[in-house]
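Trainee: Quick one: the structure is below, and I'll ask about it shortly.
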Number of protein chains: 2
Amino acid sequence: MLQEFVFGQERRTERECKSLLKVRREELAALQQRIKQAGLPVIVLLEGWSASGKGRTIQSLIRDLDPRFFRVLSVGPPTPAEQRWPFLKRHFECIPEGGKVLFLDTGWMEETVRAYLRGDLSDQEYQKRLESINIFERQLTAGGYLLIKIFLHIDAQCQKERLDGLAADKETLWRVNDEDRRQNKNYEKNLAVFDSYLEATDKPWAPWKVIDSTVAPKANLAAADWVYQQTTAALESRPQPVHPEYHWDMAPPLPLAQADLTQTLEEKEYRKQLKKCRAKLAALHNELYRKKVPVVIAYEGWDAAGKGGNIKRLASALDPRGYEVLPIAAPTRDELARHYLWRFWTRLPKTGHIAIFDRSWYGRVMVERLEGFCSTEDWQRAYDEINEFEKELVDSGMVVLKFWVQIDKDTQLARFNERQADPAKQWKITEEDWRNREKWDAYETAINEMLARTSTTFAPWHVLESVDKRFARIKAMKIVIEAIEQAL
Amino acid sequence: MLQEFVFGQERRTERECKSLLKVRREELAALQQRIKQAGLPVIVLLEGWSASGKGRTIQSLIRDLDPRFFRVLSVGPPTPAEQRWPFLKRHFECIPEGGKVLFLDTGWMEETVRAYLRGDLSDQEYQKRLESINIFERQLTAGGYLLIKIFLHIDAQCQKERLDGLAADKETLWRVNDEDRRQNKNYEKNLAVFDSYLEATDKPWAPWKVIDSTVAPKANLAAADWVYQQTTAALESRPQPVHPEYHWDMAPPLPLAQADLTQTLEEKEYRKQLKKCRAKLAALHNELYRKKVPVVIAYEGWDAAGKGGNIKRLASALDPRGYEVLPIAAPTRDELARHYLWRFWTRLPKTGHIAIFDRSWYGRVMVERLEGFCSTEDWQRAYDEINEFEKELVDSGMVVLKFWVQIDKDTQLARFNERQADPAKQWKITEEDWRNREKWDAYETAINEMLARTSTTFAPWHVLESVDKRFARIKAMKIVIEAIEQAL
């Protein structure tokens with residue numbers, strides 16, 4: 001896209017561009033209200049050469065906008081702290097809520113391309129990154145986000161003059177660093193890599209717009225025009241990404257009906273094994289910490305199946321400074337206004353830490369599906385999106401474990417009644433639990449579908465037969481031990 | 001508190017302590033439900049010598065607790081990124097929500113004492129820190145938090161043996177660092193500083209408990225007893241801190257009635273000055289960035305007074321990568337469940353950045369006061385708490401500016417009617433605006449009291465006479481310019 005680019009195509013004068021820009025800015029300001037009403041979340045990503053005018057372009061775009069309505073983020077290279085998470089985490093974290101616009105002064109492109117040029121990413125790793133980025137952008141778009149991508153292009157001579165200009169003024173000298181100089185010296189090499197990045201990530205639902213940024217007013221107008229066109233088009237009908245045909249490697253099937261719920265463990269044997277598992281886990285946690293391997297464990301299961309107690313036994317073996325249990329309740333206002341995976345991306349464990357999710361992103365294909373909190377297309381698409389999400393985590397070096405805590409309907413009834421009868425446990429049972437129970441069959445269908453479609457080889461489901469809770473606890477601990485041992 | 005401490009006072013045997021601990025742990029588990037029902041937020045802070053067993057104590061305390069109900073945080077030294085904010089920010093950020101318990105493996109004490117011992121804090125800075133910490137702890141307690149502080153004490157010999165033990169095992173060798181060794185070598189010096197810290201921060205509403213941690217089971221029992229006692233006592237009646245008698249240095253009074261609302265600015269003059277102010281501000285923002293000075297600007301004002309437009313003009317002069325406009329709406333569920341200043345502490349600008357708050361922490365003494373969202377004691381206490389908050393920011397090197405955007409009642413009516421009549425502006429006016437208007441007089445009283453009690457010399461209020469919006473905009477920009485120039 002850059003190799004064949006012809007500079008100087010804009011024939012209108014600077015003066016003409018300026019006056020057109022004025023009108024366009026007013027139109028953009030008027031658009032705000034429509035964006036807000038439509039609840040459309042918008043990301044405007046500015047990438048380009050050093051000194052190509054990214055900051056200037058953003059300043060021009062926002063000039064007439066209500067500052068309460070947008071946010072500008074200048075994304076630097078990842079800090080050592082940020083490097084303890086998968087690289088997409090910090091980008092996912094800052095996605096805007098519906099009805100707001102986020103302007104990014106570079107984003108995941110700059111980070112990726114620079115790392116590749118520095119040699120920090122191998123060719124293979126770079127390809128993997130491009131794939132992750134395409135998935136990220138497709139998921140956002142499918143989730144209703146409008147992603148506007150602009151690349152500001154200048155030639156080597158223009159870049160050199162600008163860098164010299166900045167360096168000559170002591171007020172702006174600090175804005176020129178060695179890396180910028182190196183980019184200019186190796187202009188052709190950089191051009192080729194930029195170009196390959198743009199080609200690889202140019203999709204109909206998130207297309208690149210390359211803008212000639214040699215003359216500021218012309219570039220500013222082109223950027224404003226593009227943002228205006230993309231936004232008005234999206235307000236009519238949002239571009240729907242093409243969902244790929246996936247062939248996931250699936251783990252052996254786990255239909256609920258085949259779970260052997262008669263399995264038990266005697267109290268004495270349980271105590272013995274618990275002690276053994278605890279010691280083993282404590283030692284492994286130490287090693288995890290030193291080798292900086294992060295672990296995610298997701299618990300799902302019927303009400304009263306014994307999730308809480310199971311998590312407690314597992315957690316009691318771990319160093320409390322190195323794990324966190326994350327109870328997932330109904331999403332908050334902030335969470336509802338964003339992509340459904342946002343609240344999980346932001347809660348991922350850092351290297352060496354363990355995050356135990358008490359309910360998880362699988363809510364999308366269970367409660368959200370059955371209660372109609374999302375559309376049919378949403379939850380159907382979610383199976384693949386979740387697999388993609390977990391693949392991203394696994395590929396980044398994370399251990400991902402998923403437990404379904406299983407009981408039968410009669411056991412649930414017995415436990416509900418028991419809770420109701422015990423004043424110390426009454427708080428554990430709510431009206432909602434009884435309502436959910438009535439939908440047992442619908443849930444069972446959804447769960448079977450979930451197990452069938454998301455039990456991949458890299459992140460398989462494990463069913464914990466929990467009519468005998470002791471059996472389920474030891475089974476969980478053994479699975480965690482085995483998975484961590486394999487990872488280390 | 002440490003100098004006169006006598007080791008070995010616990011006469012019960014280890015075995016006795018262990019069996020008592022078992023019972024106590026069950027009692028702690030039963031307490032969870034009461035904490036949850038009472039919505040009591042609890043912080044258990046573990047401080048002490050290196051190798052005194054902080055991690056072990058926490059592990060013992062949480063052993064029987066439901067992991068969904070607490071969180072353990074291991075607080076390390078501040079990272080370079082964290083150092084770009086006032087030191088309390090990262091501690092305020094992690095305070096728990098009501099009904100949950102946060103266990104801290106060291107907190108603001110360790111950070112402060114180590115910095116002082118390293119010589120990174122002068123005597124005077126250290127004293128200032130102690131004061132900030134006392135204010136922090138008092139504000140939390142007054143806000144309904146239970147703060148349980150434990151110091152684990154061991155003697156020099158015991159510490160040396162433990163460090164040697166850790167270092168001898170390759171599994172645990174990494175846990176001993178040079179600083180730990182230095183602490184042991186300079187035991188007496190460290191003891192004196194620890195002691196002075198404990199003395200200075202030992203308050204009836206947040207007392208220290210020094211525990212002999214020489215024998216693990218004895219220490220674990222003592223910690224569990226203390227947590228149990230403090231919690232049950234707080235569930236009966238929370239310790240109310242003594243609110244100090246303050247004599248703030250106040251700026252000249254600014255009663256609303258005295259604002260001269262006839263002040264205007266001609267369109268031509270306005271354009272001229274706007275251009276001048278913009279250029280000036282842009283240059284200053286650059287300098288702020290280089291000198292790493294953070295700026296907070298809070299806007300408050302009547303509905304339709306012109307806050308939005310005023311903020312917009314100010315923001316348009318700034319580098320969009322270096323400022324953020326933060327619209328403050330009704331608190332979210334997460335925010336309501338925490339101290340009312342939490343959502344402001346977490347949104348503070350980092351060094352070199354500007355945060356513009358569109359409405360602010362002053363909601364406490366306006367809408368929350370008038371709508372009864374907090375108790376009378378709450379909002380009355382808030383004047384001093386807000387002064388303390390702003391003092392903390394100013395002392396950390398932040399510029400703090402506060403604008404009250406003023407119009408009269410007739411002007412508001414005219415603007416409301418104008419908005420209602422204009423389809424493009426109808427969204428700006430809601431039922432709530434009309435309801436608030438009916439309470440004009442009550443608000444005026446509250447605002448006058450707010451101005452009188454929080455216009456300090458270090459963070460004075462400025463009234464922006466905004467019947468002529470142009471006048472108000474230029475006035476705001478000039479005040480910002482002057483304040484930044486003074487700070488640089």
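By order of appearance in the structure tokens: chains A, B, ..., then residues from 1 within every chain, and ligands from 1 in the order shown.
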Can you list, as an MDAnalysis selection string, every protein, DNA or RNA residue that comes within 7 Å of segment 243-259 of chain A when you count only C-alpha atoms, leaving out same-chain residues fewer than 6 positions away?
Mentor: chainID A and resid 448 451:452 455:457 460 465
Trainee: Hey, could you make a per-residue contact list for chain A against chain B with 9 Å as the cut-off, showing the nearest pair of atoms and its distance in Å to one decimal, counting only C-alpha atoms, sorted by chain and number, as a tab-separated table?
Mentor:
residue	atom	partner	partner_atom	distance
A:Ala30	CA	B:Ala424	CA	8.5
A:Gln33	CA	B:Trp427	CA	8.5
A:Gly55	CA	B:Arg321	CA	7.3
A:Arg56	CA	B:Asp319	CA	8.6
A:Ile58	CA	B:Pro320	CA	7.3
A:Gln59	CA	B:Pro320	CA	6.2
A:Ile62	CA	B:Ser316	CA	7.9
A:Arg63	CA	B:Ser316	CA	5.9
A:Asp64	CA	B:Lys312	CA	7.9
A:Leu65	CA	B:Lys312	CA	7.6
A:Asp66	CA	B:Lys312	CA	6.1
A:Pro67	CA	B:Lys312	CA	5.9
A:Arg68	CA	B:Val325	CA	5.8
A:Phe69	CA	B:Val325	CA	8.6
A:Phe70	CA	B:Val325	CA	8.3
A:Arg71	CA	B:Glu324	CA	6.5
A:Val72	CA	B:Arg321	CA	5.7
A:Leu73	CA	B:Arg321	CA	5.8
A:Ser74	CA	B:Arg321	CA	5.3
A:Thr79	CA	B:Ala81	CA	8.2
A:Ala81	CA	B:Thr79	CA	8.3
A:Leu104	CA	B:Arg321	CA	8.8
A:Asp105	CA	B:Arg321	CA	7.5
A:Glu171	CA	B:Asn286	CA	7.8
A:Thr172	CA	B:Asn286	CA	8.5
A:Trp174	CA	B:Arg290	CA	8.4
A:Ala283	CA	B:Glu171	CA	8.8
A:Asn286	CA	B:Glu171	CA	7.9
A:Glu287	CA	B:Glu171	CA	8.2
A:Arg290	CA	B:Trp174	CA	8.5
A:Gly308	CA	B:Asp66	CA	7.2
A:Gly309	CA	B:Asp66	CA	7.8
A:Ile311	CA	B:Pro67	CA	7.4
A:Lys312	CA	B:Pro67	CA	5.9
A:Ala315	CA	B:Pro67	CA	7.2
A:Ser316	CA	B:Arg63	CA	5.9
A:Leu318	CA	B:Gln59	CA	8.6
A:Asp319	CA	B:Gln59	CA	7.1
A:Pro320	CA	B:Val72	CA	5.8
A:Arg321	CA	B:Ser74	CA	5.4
A:Gly322	CA	B:Ser74	CA	8.0
A:Tyr323	CA	B:Val72	CA	7.9
A:Glu324	CA	B:Arg71	CA	6.5
A:Val325	CA	B:Arg68	CA	5.7
A:Leu326	CA	B:Arg68	CA	6.6
A:Pro327	CA	B:Arg68	CA	5.9
A:Thr332	CA	B:Arg333	CA	7.0
A:Arg333	CA	B:Thr332	CA	7.0
A:Asp334	CA	B:Thr332	CA	7.9
A:Asp358	CA	B:Arg68	CA	7.8
A:Ala424	CA	B:Ala30	CA	8.5
A:Trp427	CA	B:Gln33	CA	8.5
Trainee: For Ala337 of chain A, which residue among A:Ala222, A:Ile95, A:Val6, A:Val394 is the nearest when counting only C-alpha atoms?
Mentor: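 So, comparing all the options, the nearest one is A:Ile95.
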Trainee: Just list as JSON, numbers by chain whatever in segment 31-99 of chain A DSSP marks as alpha helix (DSSP H).
Mentor: {"A": [31, 32, 33, 34, 35, 36, 37, 38, 54, 55, 56, 57, 58, 59, 60, 61, 62, 89, 90, 91, 92, 93]}
Trainee: Taking only C-alpha atoms into account, which of B:Leu46, B:Ala298, B:Cys277, B:Ala304 comes nearest Ser213 of chain B?
Mentor: B:Leu46
Trainee: Considering only C-alpha atoms, return as a CSV table (one decimal) with C-alpha atoms, in the first residue's frame whatever protein or nucleic-acid residues lie within 7 Å of segment 154-170 of chain A, sequence-local ones (same chain, fewer than 3 positions apart) excluded.
Mentor:
chain,number,residue,atom,x,y,z
A,51,ALA,CA,7.4,13.2,12.8
A,52,SER,CA,4.6,12.5,10.3
A,173,LEU,CA,14.6,18.8,20.8
A,176,VAL,CA,13.6,13.5,18.6
A,184,ASN,CA,15.0,7.9,8.8
A,187,TYR,CA,13.8,4.5,5.5
A,212,ASP,CA,0.0,12.0,2.4
A,213,SER,CA,1.1,14.0,5.3
A,214,THR,CA,3.6,16.2,3.6
Trainee: So how far away is atom CA of His153 of chain A from atom CA of Phe7 of chain A, in Å?
Mentor: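 Separation between atom CA of Phe7 of chain A and atom CA of His153 of chain A: 8.8 Å.
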Trainee: Give the answer as one residue: which of A:Glu269, A:Glu93, A:Ser122, A:Leu40 has the shortest atom-to-atom distance to Glu335 of chain A, using only C-alpha atoms?
Mentor: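 Smallest distance to Glu335 of chain A is found for A:Glu93.
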Trainee: Can you tell me, as a ChimeraX atom specification, which residues in segment 131-360 of chain A count as strand (DSSP E or B) by DSSP?
Mentor: /A:146-153,203,206,208-212,250,295-301,323-327,354-358
Trainee: Take the residues that were just selected and, keeping C-alpha atoms, output them as a JSON list (two decimals), in the first residue's frame.
Mentor:
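Below is the file that was written, out06.json:
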[["chain", "number", "residue", "atom", "x", "y", "z"],
["A", 146, "LEU", "CA", -15.99, 1.19, 14.69],
["A", 147, "LEU", "CA", -12.26, 1.04, 14.06],
["A", 148, "ILE", "CA", -10.84, 3.83, 11.91],
["A", 149, "LYS", "CA", -7.21, 3.29, 10.96],
["A", 150, "ILE", "CA", -5.05, 6.02, 9.47],
["A", 151, "PHE", "CA", -1.42, 5.79, 8.38],
["A", 152, "LEU", "CA", 0.36, 9.12, 7.92],
["A", 153, "HIS", "CA", 2.87, 8.83, 5.13],
["A", 203, "LYS", "CA", -9.62, -5.73, 6.03],
["A", 206, "ALA", "CA", -11.15, -2.23, 9.43],
["A", 208, "TRP", "CA", -6.35, 1.32, 6.35],
["A", 209, "LYS", "CA", -6.36, 4.86, 4.98],
["A", 210, "VAL", "CA", -2.90, 5.99, 3.92],
["A", 211, "ILE", "CA", -2.71, 9.79, 3.96],
["A", 212, "ASP", "CA", -0.05, 11.97, 2.37],
["A", 250, "MET", "CA", -11.01, -30.54, 19.75],
["A", 295, "VAL", "CA", -2.22, -19.57, 35.20],
["A", 296, "VAL", "CA", -5.94, -18.98, 34.57],
["A", 297, "ILE", "CA", -8.49, -21.34, 36.08],
["A", 298, "ALA", "CA", -12.15, -20.87, 35.21],
["A", 299, "TYR", "CA", -14.88, -22.48, 37.30],
["A", 300, "GLU", "CA", -18.39, -22.97, 35.97],
["A", 301, "GLY", "CA", -21.08, -25.23, 37.36],
["A", 323, "TYR", "CA", -3.20, -15.80, 43.39],
["A", 324, "GLU", "CA", -6.52, -14.05, 43.21],
["A", 325, "VAL", "CA", -10.08, -15.38, 43.18],
["A", 326, "LEU", "CA", -12.27, -13.29, 40.92],
["A", 327, "PRO", "CA", -16.00, -13.69, 41.46],
["A", 354, "ILE", "CA", -2.75, -17.48, 39.30],
["A", 355, "ALA", "CA", -6.23, -16.11, 38.62],
["A", 356, "ILE", "CA", -9.18, -18.27, 39.62],
["A", 357, "PHE", "CA", -12.41, -17.11, 38.00],
["A", 358, "ASP", "CA", -15.57, -18.03, 39.88]]
Trainee: Would you work out the distance separating atom CA of Val113 of chain A from atom CA of Phe194 of chain A, expressed in Å to one decimal?
Mentor: 7.1 Å
Trainee: If you measure from atom CA of Arg278 of chain A to atom CA of Ile481 of chain A, what distance in Å do you get, rounded to one decimal?
Mentor: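 Taking atom CA of Arg278 of chain A and atom CA of Ile481 of chain A, their separation equals 9.6 Å.
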Trainee: Got a sec: who's within 9 Å of Ile429 of chain A, counting only C-alpha atoms, leaving out chain neighbours fewer than 4 positions off, as an NGL selection string?
Mentor: :A and (303-304 or 416 or 419-420 or 425 or 433-434)
Trainee: List as a VMD selection string the protein and nucleic acid residues near Asn134 of chain B, meaning an atom at most 10 Å away when only C-alpha atoms are counted, but skip any in the same chain fewer than 2 places from it.
Mentor: chain B and resid 128 to 132 136 to 140 200 to 203 206
Trainee: For segment 383-393 of chain A, list every protein, DNA or RNA residue within 8 Å, evaluated using only C-alpha atoms, and leave out those in the same chain fewer than 4 positions away; present the list as a list in words.
Mentor: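 The filter keeps Pro86, Ser132, Ile135, Gln139, Tyr246, Trp361, Val365, Trp379, Gly397, Met398, Val399, Val400, Met450, Arg453, Thr454, Thr456, Phe458 and Ala459 of chain A.
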Trainee: B:Ser50, B:Leu274, B:Ala219, B:Tyr228: which is nearest Asn177 of chain B, counting only C-alpha atoms?
Mentor: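 Of all the options, B:Ser50 lies closest to Asn177 of chain B.
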